[in-house]
Amino acid sequence: MYDLLIKGGVVVDPSQGLNAARDIALSDGKVAAIEHSIDDGEAREVVDAAGLIVAPGLIDLHVHVFWGVSHFGIDPDITSLAKGVTTAVDAGSAGSATFPAFRRYVLQTAETRIYSLLNISAMGMIANEVGELEELRWAIVEDAVATGLNNPDYVVGIKARLSRQIAGEQDVEALNRAIEAAAAINGFVMIHVGDTKTPLEELTAMLRPGDVVTHAFHDRSEGLLDDVGRVKPGIKEAQTRGVVFDVGHGAGSFAFDTAEKALADGFRPDNISSDLHIYNVEGPVHDQVSVLSKFMCLGLSLDDVIRLSTESASKVLGSTDALGTLRVGAEGDVTLMRREEGDFTFTDSVGVSVQGRERLSHVLTVKEGRVYRPWLR
């Protein structure tokens, strides 16, 4: 007897090359079966997914959920799990000095599966008025390494915010320290870019395969594009050798114009994330599904955007067998969405709006084989 049966939907699972009508059964928190048809009587609970897209639980590689300490922080369950994201990565809200509280009061209490990119600055992201790397003494490699090694169940890498208003003139040294710490804990580095002192091509040349450039499609100085709107050669080279270029939409880091020009030049994102936080949850980001809809408006297919929020992120996390897939034996995380047609307005983080003819809307989240019902918490 299965615990849960999701019946009658169209399963879109790029990790298996699957876009077809299938029934999915879950037991003991895992995917137990995926078949053309499974009888209702074989499950304790049945979800009718007729007319819906059934995808692996979405993974958002960039959120800020250290509520009450980081000025960016929001509640992860309300803004991620309740909106279809079963796994989220907090991108640098906590540093080594603040991580113990983050672990105790957020990571261990949230129903959302949350991992942490530890800020190379020990303070993490505390206040908007002070950049955490303005004073480089905060970038204490030894403390970051100790925190990462002592918390391998949550810490997956190191975050470095390198914009001038955060790191001043010290972006290269901050990145060197982030890479040193990440290597010591066998994690990846994510860099926040835009308005950096050092050209983006030089920063990306320092990165290793699997490291992540977030906010890749911003419209500020030191971006992807040259003066004629083509992607810079060094950026293409970095992507070719395995550096991951992530969307990280945010409140000021995604521009339709940049994305359109990059796509026209054959440069696609390697991952789609939201950078969801308190300053953009009411717009222009709203949630991860809304960001996926914007890239469908830009011409990516349904399979593309689901892959870029499931399989792609699971590869970055090194969890391809467990997350971002509906293969039998994987975590029982499922996101149900509806594909809607109509006239929709999408707005980027610089205030530019475009019209689209379709969008995705979240319907239901299943985490570890259980329908998420926040009213029963």
# chains A, B, ... in the order shown; residues from 1 in each chain; ligands from 1
>>> closest_atom_pairs(of="segment 186-246 of chain A", to="segment 142-164 of chain A", cutoff="7 Å", atoms="only C-alpha atoms", output="CSV")
residue,atom,partner,partner_atom,distance
A:Gly187,CA,A:Gly157,CA,4.2
A:Phe188,CA,A:Gly157,CA,4.6
A:Val189,CA,A:Ile158,CA,4.9
A:Met190,CA,A:Lys159,CA,4.9
A:Ile191,CA,A:Ala160,CA,5.0
A:His192,CA,A:Arg161,CA,4.5
A:Val193,CA,A:Ser163,CA,5.7
A:Gly194,CA,A:Ser163,CA,5.7
A:Asp195,CA,A:Ser163,CA,5.2
A:Thr196,CA,A:Ser163,CA,4.4
A:Lys197,CA,A:Arg164,CA,6.1
>>> residues_around(residues="segment 165-167 of chain A", least_positions_apart="5", cutoff="10 Å", atoms="only C-alpha atoms", output="ChimeraX atom specification")
/A:125,128-136,160,172-175,192,195-197
>>> write_last_selection(atoms="N, CA and C atoms", output="PDB file, in the first residue's frame")
ATOM      1  N   MET A 125      25.084  38.688   6.591  1.00  0.00           N
ATOM      2  CA  MET A 125      24.388  39.855   6.039  1.00  0.00           C
ATOM      3  C   MET A 125      23.480  40.445   7.113  1.00  0.00           C
ATOM      4  N   ASN A 128      21.834  46.662   5.960  1.00  0.00           N
ATOM      5  CA  ASN A 128      21.981  47.185   4.607  1.00  0.00           C
ATOM      6  C   ASN A 128      22.995  48.311   4.533  1.00  0.00           C
ATOM      7  N   GLU A 129      23.191  49.000   5.648  1.00  0.00           N
ATOM      8  CA  GLU A 129      24.040  50.189   5.642  1.00  0.00           C
ATOM      9  C   GLU A 129      25.537  49.861   5.650  1.00  0.00           C
ATOM     10  N   VAL A 130      25.891  48.642   6.016  1.00  0.00           N
ATOM     11  CA  VAL A 130      27.296  48.275   6.130  1.00  0.00           C
ATOM     12  C   VAL A 130      27.557  47.017   5.321  1.00  0.00           C
ATOM     13  N   GLY A 131      28.454  47.103   4.342  1.00  0.00           N
ATOM     14  CA  GLY A 131      28.839  45.924   3.586  1.00  0.00           C
ATOM     15  C   GLY A 131      29.687  45.001   4.437  1.00  0.00           C
ATOM     16  N   GLU A 132      29.370  43.711   4.419  1.00  0.00           N
ATOM     17  CA  GLU A 132      30.039  42.792   5.339  1.00  0.00           C
ATOM     18  C   GLU A 132      31.500  42.540   5.006  1.00  0.00           C
ATOM     19  N   LEU A 133      31.948  43.002   3.805  1.00  0.00           N
ATOM     20  CA  LEU A 133      33.352  42.835   3.434  1.00  0.00           C
ATOM     21  C   LEU A 133      34.067  44.177   3.259  1.00  0.00           C
ATOM     22  N   GLU A 134      33.440  45.256   3.721  1.00  0.00           N
ATOM     23  CA  GLU A 134      34.136  46.543   3.693  1.00  0.00           C
ATOM     24  C   GLU A 134      35.414  46.470   4.531  1.00  0.00           C
ATOM     25  N   GLU A 135      35.325  45.767   5.640  1.00  0.00           N
ATOM     26  CA  GLU A 135      36.480  45.520   6.503  1.00  0.00           C
ATOM     27  C   GLU A 135      36.851  44.052   6.328  1.00  0.00           C
ATOM     28  N   LEU A 136      37.963  43.813   5.645  1.00  0.00           N
ATOM     29  CA  LEU A 136      38.305  42.446   5.248  1.00  0.00           C
ATOM     30  C   LEU A 136      38.700  41.561   6.431  1.00  0.00           C
ATOM     31  N   ALA A 160      30.348  34.844  -1.420  1.00  0.00           N
ATOM     32  CA  ALA A 160      31.089  36.103  -1.343  1.00  0.00           C
ATOM     33  C   ALA A 160      30.356  37.141  -2.174  1.00  0.00           C
ATOM     34  N   VAL A 172      38.954  40.836  -5.153  1.00  0.00           N
ATOM     35  CA  VAL A 172      39.827  39.715  -5.497  1.00  0.00           C
ATOM     36  C   VAL A 172      40.299  38.991  -4.243  1.00  0.00           C
ATOM     37  N   GLU A 173      40.725  39.742  -3.226  1.00  0.00           N
ATOM     38  CA  GLU A 173      41.173  39.098  -1.989  1.00  0.00           C
ATOM     39  C   GLU A 173      40.017  38.391  -1.293  1.00  0.00           C
ATOM     40  N   ALA A 174      38.835  39.003  -1.304  1.00  0.00           N
ATOM     41  CA  ALA A 174      37.667  38.345  -0.709  1.00  0.00           C
ATOM     42  C   ALA A 174      37.360  37.033  -1.429  1.00  0.00           C
ATOM     43  N   LEU A 175      37.472  37.047  -2.755  1.00  0.00           N
ATOM     44  CA  LEU A 175      37.211  35.825  -3.517  1.00  0.00           C
ATOM     45  C   LEU A 175      38.282  34.771  -3.260  1.00  0.00           C
ATOM     46  N   HIS A 192      28.334  36.912  -5.743  1.00  0.00           N
ATOM     47  CA  HIS A 192      27.372  37.966  -6.076  1.00  0.00           C
ATOM     48  C   HIS A 192      28.147  39.017  -6.870  1.00  0.00           C
ATOM     49  N   ASP A 195      28.705  45.730 -10.531  1.00  0.00           N
ATOM     50  CA  ASP A 195      29.400  46.894  -9.973  1.00  0.00           C
ATOM     51  C   ASP A 195      30.632  46.487  -9.171  1.00  0.00           C
ATOM     52  N   THR A 196      31.343  45.494  -9.649  1.00  0.00           N
ATOM     53  CA  THR A 196      32.571  45.093  -8.967  1.00  0.00           C
ATOM     54  C   THR A 196      33.738  45.955  -9.428  1.00  0.00           C
ATOM     55  N   LYS A 197      34.744  46.087  -8.574  1.00  0.00           N
ATOM     56  CA  LYS A 197      35.954  46.804  -8.959  1.00  0.00           C
ATOM     57  C   LYS A 197      36.667  46.066 -10.090  1.00  0.00           C
TER      58      LYS A 197
END
>>> residues_around(residues="Ala21 of chain A", least_positions_apart="5", cutoff="7 Å", atoms="only C-alpha atoms", output="PyMOL selection string")
chain A and resi 8-11+36
>>> closest_residue(among="A:Ile306, A:Leu292, A:Ala94, A:Leu298", to="Gln355 of chain A", atoms="only C-alpha atoms")
A:Leu298
>>> closest_atom_pairs(of="segment 29-72 of chain A", to="segment 330-348 of chain A", cutoff="6 Å", atoms="only C-alpha atoms", output="tab-separated table")
residue	atom	partner	partner_atom	distance
A:Gly29	CA	A:Gly332	CA	5.1
A:Lys30	CA	A:Gly332	CA	4.1
A:Val31	CA	A:Gly332	CA	4.9
A:Leu52	CA	A:Arg338	CA	5.1
A:Ile53	CA	A:Met337	CA	5.1
A:Val54	CA	A:Leu336	CA	4.7
A:Ala55	CA	A:Thr335	CA	5.2
A:Pro56	CA	A:Val334	CA	4.6
A:Gly57	CA	A:Val334	CA	4.2
>>> write_last_selection(atoms="C-alpha atoms", output="PDB file, in the first residue's frame")
ATOM      1  CA  GLY A  29       9.109   9.650   1.979  1.00  0.00           C
ATOM      2  CA  LYS A  30      10.501   8.391  -1.331  1.00  0.00           C
ATOM      3  CA  VAL A  31       9.341   7.927  -4.913  1.00  0.00           C
ATOM      4  CA  LEU A  52      -1.620  19.722 -14.043  1.00  0.00           C
ATOM      5  CA  ILE A  53       2.132  19.569 -14.526  1.00  0.00           C
ATOM      6  CA  VAL A  54       3.813  17.211 -12.080  1.00  0.00           C
ATOM      7  CA  ALA A  55       7.485  18.120 -11.614  1.00  0.00           C
ATOM      8  CA  PRO A  56      10.254  17.185  -9.209  1.00  0.00           C
ATOM      9  CA  GLY A  57      10.224  19.410  -6.150  1.00  0.00           C
TER      10      GLY A  57
END
>>> residues_around(residues="Leu200 of chain A", least_positions_apart="5", cutoff="9 Å", atoms="only C-alpha atoms", output="ChimeraX atom specification")
/A:193-194,205,222-224,234-235
>>> select_by_dssp(residues="segment 251-349 of chain A", states="strand (DSSP E)", output="ChimeraX atom specification")
/A:334-347
>>> closest_atom_pairs(of="segment 306-370 of chain A", to="segment 98-115 of chain A", cutoff="10 Å", atoms="only C-alpha atoms", output="tab-separated table")
residue	atom	partner	partner_atom	distance
A:Leu317	CA	A:Tyr115	CA	9.3
A:Lys367	CA	A:Thr112	CA	8.2
A:Glu368	CA	A:Arg113	CA	9.8
>>> write_last_selection(atoms="C-alpha atoms", output="PDB file, in the first residue's frame")
ATOM      1  CA  LEU A 317      24.544  20.426  -4.783  1.00  0.00           C
ATOM      2  CA  LYS A 367       7.682  17.074   0.470  1.00  0.00           C
ATOM      3  CA  GLU A 368       9.117  13.720   1.475  1.00  0.00           C
TER       4      GLU A 368
END
>>> residues_around(residues="segment 312-315 of chain A", least_positions_apart="3", cutoff="9 Å", atoms="only C-alpha atoms", output="PyMOL selection string")
chain A and resi 59-61+210+270-273+307-309+318-325
>>> atom_distance(atom1="atom CA of Arg241 of chain A", atom2="atom CA of Leu203 of chain A")
14.3 Å
>>> residues_around(residues="Thr204 of chain A", least_positions_apart="4", cutoff="10 Å", atoms="only C-alpha atoms", output="PDB file with N, CA and C atoms, in the first residue's frame")
ATOM      1  N   ILE A 191      29.418  33.598  -6.117  1.00  0.00           N
ATOM      2  CA  ILE A 191      29.754  35.014  -6.038  1.00  0.00           C
ATOM      3  C   ILE A 191      28.591  35.872  -6.515  1.00  0.00           C
ATOM      4  N   PRO A 199      37.010  43.495 -13.291  1.00  0.00           N
ATOM      5  CA  PRO A 199      36.171  43.044 -14.403  1.00  0.00           C
ATOM      6  C   PRO A 199      35.649  41.629 -14.173  1.00  0.00           C
ATOM      7  N   LEU A 200      34.419  41.403 -14.595  1.00  0.00           N
ATOM      8  CA  LEU A 200      33.787  40.104 -14.365  1.00  0.00           C
ATOM      9  C   LEU A 200      34.573  38.969 -15.004  1.00  0.00           C
ATOM     10  N   ARG A 208      36.334  27.866 -10.146  1.00  0.00           N
ATOM     11  CA  ARG A 208      36.536  26.467 -10.503  1.00  0.00           C
ATOM     12  C   ARG A 208      35.260  25.911 -11.138  1.00  0.00           C
ATOM     13  N   ASP A 211      31.630  26.147  -9.438  1.00  0.00           N
ATOM     14  CA  ASP A 211      31.371  27.392  -8.733  1.00  0.00           C
ATOM     15  C   ASP A 211      30.295  28.174  -9.478  1.00  0.00           C
ATOM     16  N   VAL A 212      29.641  29.094  -8.773  1.00  0.00           N
ATOM     17  CA  VAL A 212      28.422  29.730  -9.288  1.00  0.00           C
ATOM     18  C   VAL A 212      28.566  31.246  -9.315  1.00  0.00           C
ATOM     19  N   VAL A 213      28.184  31.828 -10.442  1.00  0.00           N
ATOM     20  CA  VAL A 213      28.031  33.286 -10.567  1.00  0.00           C
ATOM     21  C   VAL A 213      26.545  33.579 -10.509  1.00  0.00           C
ATOM     22  N   GLY A 234      35.530  35.891 -22.302  1.00  0.00           N
ATOM     23  CA  GLY A 234      35.935  35.258 -21.056  1.00  0.00           C
ATOM     24  C   GLY A 234      34.772  34.629 -20.312  1.00  0.00           C
ATOM     25  N   ILE A 235      33.585  35.208 -20.472  1.00  0.00           N
ATOM     26  CA  ILE A 235      32.386  34.660 -19.830  1.00  0.00           C
ATOM     27  C   ILE A 235      31.999  33.353 -20.508  1.00  0.00           C
ATOM     28  N   GLU A 237      33.975  31.393 -22.104  1.00  0.00           N
ATOM     29  CA  GLU A 237      35.002  30.402 -21.772  1.00  0.00           C
ATOM     30  C   GLU A 237      34.758  29.818 -20.388  1.00  0.00           C
ATOM     31  N   ALA A 238      34.380  30.672 -19.430  1.00  0.00           N
ATOM     32  CA  ALA A 238      34.124  30.195 -18.073  1.00  0.00           C
ATOM     33  C   ALA A 238      32.956  29.213 -18.055  1.00  0.00           C
ATOM     34  N   GLN A 239      31.890  29.528 -18.800  1.00  0.00           N
ATOM     35  CA  GLN A 239      30.750  28.618 -18.856  1.00  0.00           C
ATOM     36  C   GLN A 239      31.146  27.289 -19.490  1.00  0.00           C
ATOM     37  N   VAL A 243      31.872  26.685 -15.063  1.00  0.00           N
ATOM     38  CA  VAL A 243      31.361  27.686 -14.124  1.00  0.00           C
ATOM     39  C   VAL A 243      29.867  27.847 -14.381  1.00  0.00           C
ATOM     40  N   VAL A 244      29.078  27.886 -13.326  1.00  0.00           N
ATOM     41  CA  VAL A 244      27.621  27.914 -13.414  1.00  0.00           C
ATOM     42  C   VAL A 244      27.134  29.358 -13.366  1.00  0.00           C
ATOM     43  N   PHE A 245      26.383  29.771 -14.384  1.00  0.00           N
ATOM     44  CA  PHE A 245      25.823  31.122 -14.423  1.00  0.00           C
ATOM     45  C   PHE A 245      24.348  31.044 -14.050  1.00  0.00           C
TER      46      PHE A 245
END
>>> select_by_dssp(residues="segment 71-268 of chain A", states="helix (DSSP H, G or I)", output="PyMOL selection string")
chain A and resi 76-79+81-83+99-107+136-138+141-150+164-167+171-184+200-206+233-240+256-264
>>> write_last_selection(atoms="C-alpha atoms", output="short mmCIF file (atom, residue, chain, number, x, y, z; two decimals), in the first residue's frame")
data_model
loop_
_atom_site.label_atom_id
_atom_site.label_comp_id
_atom_site.auth_asym_id
_atom_site.auth_seq_id
_atom_site.Cartn_x
_atom_site.Cartn_y
_atom_site.Cartn_z
CA PRO A 76 11.17 29.87 4.34
CA ASP A 77 8.03 27.77 4.70
CA ILE A 78 5.64 30.56 3.76
CA THR A 79 7.71 31.78 0.82
CA LEU A 81 7.65 25.40 0.55
CA ALA A 82 4.17 26.87 0.26
CA LYS A 83 5.08 28.07 -3.25
CA PHE A 99 25.62 30.40 11.93
CA PRO A 100 24.92 28.68 15.29
CA ALA A 101 21.72 30.74 15.64
CA PHE A 102 20.82 30.14 11.99
CA ARG A 103 21.16 26.41 12.51
CA ARG A 104 19.19 26.28 15.76
CA TYR A 105 16.36 28.67 14.97
CA VAL A 106 15.89 28.28 11.21
CA LEU A 107 17.57 25.26 9.63
CA LEU A 136 38.31 42.45 5.25
CA ARG A 137 39.22 41.34 8.76
CA TRP A 138 35.71 39.86 8.89
CA VAL A 141 38.99 31.71 6.54
CA GLU A 142 39.81 29.55 9.56
CA ASP A 143 36.45 30.26 11.21
CA ALA A 144 34.52 29.63 7.99
CA VAL A 145 36.31 26.31 7.51
CA ALA A 146 35.67 25.22 11.09
CA THR A 147 31.98 26.07 10.79
CA GLY A 148 31.67 24.24 7.49
CA LEU A 149 33.46 21.12 8.73
CA ASN A 150 31.39 21.07 11.92
CA ARG A 164 31.81 47.67 -4.50
CA GLN A 165 29.18 48.71 -1.94
CA ILE A 166 29.79 45.43 -0.09
CA ALA A 167 33.46 44.57 -0.67
CA ASP A 171 36.87 41.82 -4.30
CA VAL A 172 39.83 39.71 -5.50
CA GLU A 173 41.17 39.10 -1.99
CA ALA A 174 37.67 38.34 -0.71
CA LEU A 175 37.21 35.83 -3.52
CA ASN A 176 40.58 34.24 -2.85
CA ARG A 177 39.57 33.69 0.76
CA ALA A 178 36.17 32.30 -0.26
CA ILE A 179 37.80 29.81 -2.64
CA GLU A 180 40.31 28.76 0.03
CA ALA A 181 37.52 28.12 2.53
CA ALA A 182 35.31 26.31 0.01
CA ALA A 183 38.15 24.03 -1.05
CA ALA A 184 38.83 23.11 2.56
CA LEU A 200 33.79 40.10 -14.37
CA GLU A 201 35.94 38.15 -16.80
CA GLU A 202 38.84 38.29 -14.34
CA LEU A 203 36.67 37.17 -11.43
CA THR A 204 35.16 34.28 -13.35
CA ALA A 205 38.64 33.20 -14.47
CA MET A 206 39.41 32.59 -10.79
CA PRO A 233 34.64 35.89 -24.58
CA GLY A 234 35.93 35.26 -21.06
CA ILE A 235 32.39 34.66 -19.83
CA LYS A 236 31.71 32.12 -22.56
CA GLU A 237 35.00 30.40 -21.77
CA ALA A 238 34.12 30.19 -18.07
CA GLN A 239 30.75 28.62 -18.86
CA THR A 240 32.38 26.14 -21.22
CA PHE A 256 15.07 41.49 -19.53
CA ASP A 257 17.31 43.44 -21.92
CA THR A 258 20.46 41.68 -20.69
CA ALA A 259 18.80 38.28 -20.80
CA GLU A 260 17.39 38.83 -24.30
CA LYS A 261 20.78 39.87 -25.69
CA ALA A 262 22.58 36.98 -23.98
CA LEU A 263 20.03 34.45 -25.24
CA ALA A 264 20.30 35.89 -28.75
#
>>> closest_residue(among="A:Val352, A:Leu4, A:Leu58, A:Val247", to="Asp39 of chain A", atoms="only C-alpha atoms")
A:Leu4
>>> atom_distance(atom1="atom CA of Ala91 of chain A", atom2="atom CA of Gln170 of chain A")
19.9 Å
>>> closest_residue(among="A:Gly329, A:Pro14, A:Gly124, A:Gly356", to="Val305 of chain A", atoms="only C-alpha atoms")
A:Pro14
>>> atom_distance(atom1="atom CA of Leu117 of chain A", atom2="atom CA of Arg268 of chain A")
23.8 Å
>>> closest_residue(among="A:Ala25, A:Ile6, A:Ala33, A:Ala127", to="Asp48 of chain A", atoms="only C-alpha atoms")
A:Ile6
>>> decode(residues="segment 138-169 of chain A", atoms="N, CA and C atoms", output="PDB file, in the first residue's frame")
ATOM      1  N   TRP A 138      36.853  40.734   8.644  1.00  0.00           N
ATOM      2  CA  TRP A 138      35.709  39.855   8.886  1.00  0.00           C
ATOM      3  C   TRP A 138      35.799  38.565   8.068  1.00  0.00           C
ATOM      4  N   ALA A 139      36.575  38.553   7.005  1.00  0.00           N
ATOM      5  CA  ALA A 139      36.690  37.363   6.142  1.00  0.00           C
ATOM      6  C   ALA A 139      37.718  36.410   6.738  1.00  0.00           C
ATOM      7  N   ILE A 140      37.294  35.687   7.753  1.00  0.00           N
ATOM      8  CA  ILE A 140      38.190  34.834   8.533  1.00  0.00           C
ATOM      9  C   ILE A 140      38.077  33.410   7.993  1.00  0.00           C
ATOM     10  N   VAL A 141      39.045  33.011   7.210  1.00  0.00           N
ATOM     11  CA  VAL A 141      38.990  31.710   6.542  1.00  0.00           C
ATOM     12  C   VAL A 141      38.921  30.574   7.553  1.00  0.00           C
ATOM     13  N   GLU A 142      39.751  30.640   8.591  1.00  0.00           N
ATOM     14  CA  GLU A 142      39.808  29.547   9.558  1.00  0.00           C
ATOM     15  C   GLU A 142      38.454  29.316  10.224  1.00  0.00           C
ATOM     16  N   ASP A 143      37.747  30.395  10.562  1.00  0.00           N
ATOM     17  CA  ASP A 143      36.446  30.256  11.215  1.00  0.00           C
ATOM     18  C   ASP A 143      35.398  29.708  10.239  1.00  0.00           C
ATOM     19  N   ALA A 144      35.460  30.156   8.992  1.00  0.00           N
ATOM     20  CA  ALA A 144      34.520  29.635   7.991  1.00  0.00           C
ATOM     21  C   ALA A 144      34.743  28.142   7.782  1.00  0.00           C
ATOM     22  N   VAL A 145      35.997  27.736   7.707  1.00  0.00           N
ATOM     23  CA  VAL A 145      36.313  26.313   7.506  1.00  0.00           C
ATOM     24  C   VAL A 145      35.831  25.493   8.698  1.00  0.00           C
ATOM     25  N   ALA A 146      36.098  25.960   9.901  1.00  0.00           N
ATOM     26  CA  ALA A 146      35.673  25.222  11.090  1.00  0.00           C
ATOM     27  C   ALA A 146      34.155  25.068  11.128  1.00  0.00           C
ATOM     28  N   THR A 147      33.447  26.134  10.792  1.00  0.00           N
ATOM     29  CA  THR A 147      31.982  26.074  10.785  1.00  0.00           C
ATOM     30  C   THR A 147      31.486  25.103   9.730  1.00  0.00           C
ATOM     31  N   GLY A 148      32.074  25.152   8.545  1.00  0.00           N
ATOM     32  CA  GLY A 148      31.669  24.243   7.489  1.00  0.00           C
ATOM     33  C   GLY A 148      31.931  22.793   7.839  1.00  0.00           C
ATOM     34  N   LEU A 149      33.113  22.504   8.381  1.00  0.00           N
ATOM     35  CA  LEU A 149      33.462  21.122   8.730  1.00  0.00           C
ATOM     36  C   LEU A 149      32.621  20.595   9.887  1.00  0.00           C
ATOM     37  N   ASN A 150      32.204  21.487  10.785  1.00  0.00           N
ATOM     38  CA  ASN A 150      31.387  21.069  11.925  1.00  0.00           C
ATOM     39  C   ASN A 150      29.901  20.970  11.596  1.00  0.00           C
ATOM     40  N   ASN A 151      29.513  21.435  10.405  1.00  0.00           N
ATOM     41  CA  ASN A 151      28.100  21.433  10.024  1.00  0.00           C
ATOM     42  C   ASN A 151      27.912  20.920   8.594  1.00  0.00           C
ATOM     43  N   PRO A 152      28.445  19.752   8.281  1.00  0.00           N
ATOM     44  CA  PRO A 152      28.373  19.261   6.896  1.00  0.00           C
ATOM     45  C   PRO A 152      26.969  18.901   6.448  1.00  0.00           C
ATOM     46  N   ASP A 153      26.039  18.733   7.407  1.00  0.00           N
ATOM     47  CA  ASP A 153      24.659  18.431   7.048  1.00  0.00           C
ATOM     48  C   ASP A 153      23.934  19.630   6.470  1.00  0.00           C
ATOM     49  N   TYR A 154      24.470  20.827   6.676  1.00  0.00           N
ATOM     50  CA  TYR A 154      23.807  22.035   6.171  1.00  0.00           C
ATOM     51  C   TYR A 154      24.686  22.888   5.262  1.00  0.00           C
ATOM     52  N   VAL A 155      25.964  23.018   5.576  1.00  0.00           N
ATOM     53  CA  VAL A 155      26.825  23.934   4.825  1.00  0.00           C
ATOM     54  C   VAL A 155      27.335  23.253   3.556  1.00  0.00           C
ATOM     55  N   VAL A 156      26.996  23.837   2.399  1.00  0.00           N
ATOM     56  CA  VAL A 156      27.387  23.242   1.113  1.00  0.00           C
ATOM     57  C   VAL A 156      28.445  24.061   0.382  1.00  0.00           C
ATOM     58  N   GLY A 157      28.786  25.220   0.914  1.00  0.00           N
ATOM     59  CA  GLY A 157      29.785  26.047   0.245  1.00  0.00           C
ATOM     60  C   GLY A 157      29.898  27.409   0.885  1.00  0.00           C
ATOM     61  N   ILE A 158      30.502  28.331   0.136  1.00  0.00           N
ATOM     62  CA  ILE A 158      30.827  29.667   0.636  1.00  0.00           C
ATOM     63  C   ILE A 158      30.271  30.723  -0.308  1.00  0.00           C
ATOM     64  N   LYS A 159      29.718  31.782   0.253  1.00  0.00           N
ATOM     65  CA  LYS A 159      29.187  32.908  -0.523  1.00  0.00           C
ATOM     66  C   LYS A 159      30.081  34.124  -0.318  1.00  0.00           C
ATOM     67  N   ALA A 160      30.348  34.844  -1.420  1.00  0.00           N
ATOM     68  CA  ALA A 160      31.089  36.103  -1.343  1.00  0.00           C
ATOM     69  C   ALA A 160      30.356  37.141  -2.174  1.00  0.00           C
ATOM     70  N   ARG A 161      29.922  38.202  -1.522  1.00  0.00           N
ATOM     71  CA  ARG A 161      29.268  39.313  -2.237  1.00  0.00           C
ATOM     72  C   ARG A 161      30.351  40.326  -2.586  1.00  0.00           C
ATOM     73  N   LEU A 162      30.561  40.533  -3.891  1.00  0.00           N
ATOM     74  CA  LEU A 162      31.753  41.238  -4.346  1.00  0.00           C
ATOM     75  C   LEU A 162      31.497  42.637  -4.904  1.00  0.00           C
ATOM     76  N   SER A 163      30.266  43.099  -4.913  1.00  0.00           N
ATOM     77  CA  SER A 163      29.993  44.448  -5.411  1.00  0.00           C
ATOM     78  C   SER A 163      30.712  45.490  -4.563  1.00  0.00           C
ATOM     79  N   ARG A 164      31.018  46.628  -5.186  1.00  0.00           N
ATOM     80  CA  ARG A 164      31.806  47.668  -4.502  1.00  0.00           C
ATOM     81  C   ARG A 164      31.162  48.111  -3.193  1.00  0.00           C
ATOM     82  N   GLN A 165      29.829  48.214  -3.156  1.00  0.00           N
ATOM     83  CA  GLN A 165      29.176  48.713  -1.941  1.00  0.00           C
ATOM     84  C   GLN A 165      29.235  47.694  -0.806  1.00  0.00           C
ATOM     85  N   ILE A 166      29.692  46.478  -1.114  1.00  0.00           N
ATOM     86  CA  ILE A 166      29.794  45.434  -0.094  1.00  0.00           C
ATOM     87  C   ILE A 166      31.247  45.104   0.213  1.00  0.00           C
ATOM     88  N   ALA A 167      32.064  44.994  -0.836  1.00  0.00           N
ATOM     89  CA  ALA A 167      33.461  44.571  -0.670  1.00  0.00           C
ATOM     90  C   ALA A 167      34.464  45.682  -0.933  1.00  0.00           C
ATOM     91  N   GLY A 168      33.980  46.858  -1.297  1.00  0.00           N
ATOM     92  CA  GLY A 168      34.897  47.951  -1.580  1.00  0.00           C
ATOM     93  C   GLY A 168      35.830  47.619  -2.735  1.00  0.00           C
ATOM     94  N   GLU A 169      37.115  47.856  -2.529  1.00  0.00           N
ATOM     95  CA  GLU A 169      38.115  47.602  -3.554  1.00  0.00           C
ATOM     96  C   GLU A 169      38.784  46.234  -3.394  1.00  0.00           C
TER      97      GLU A 169
END
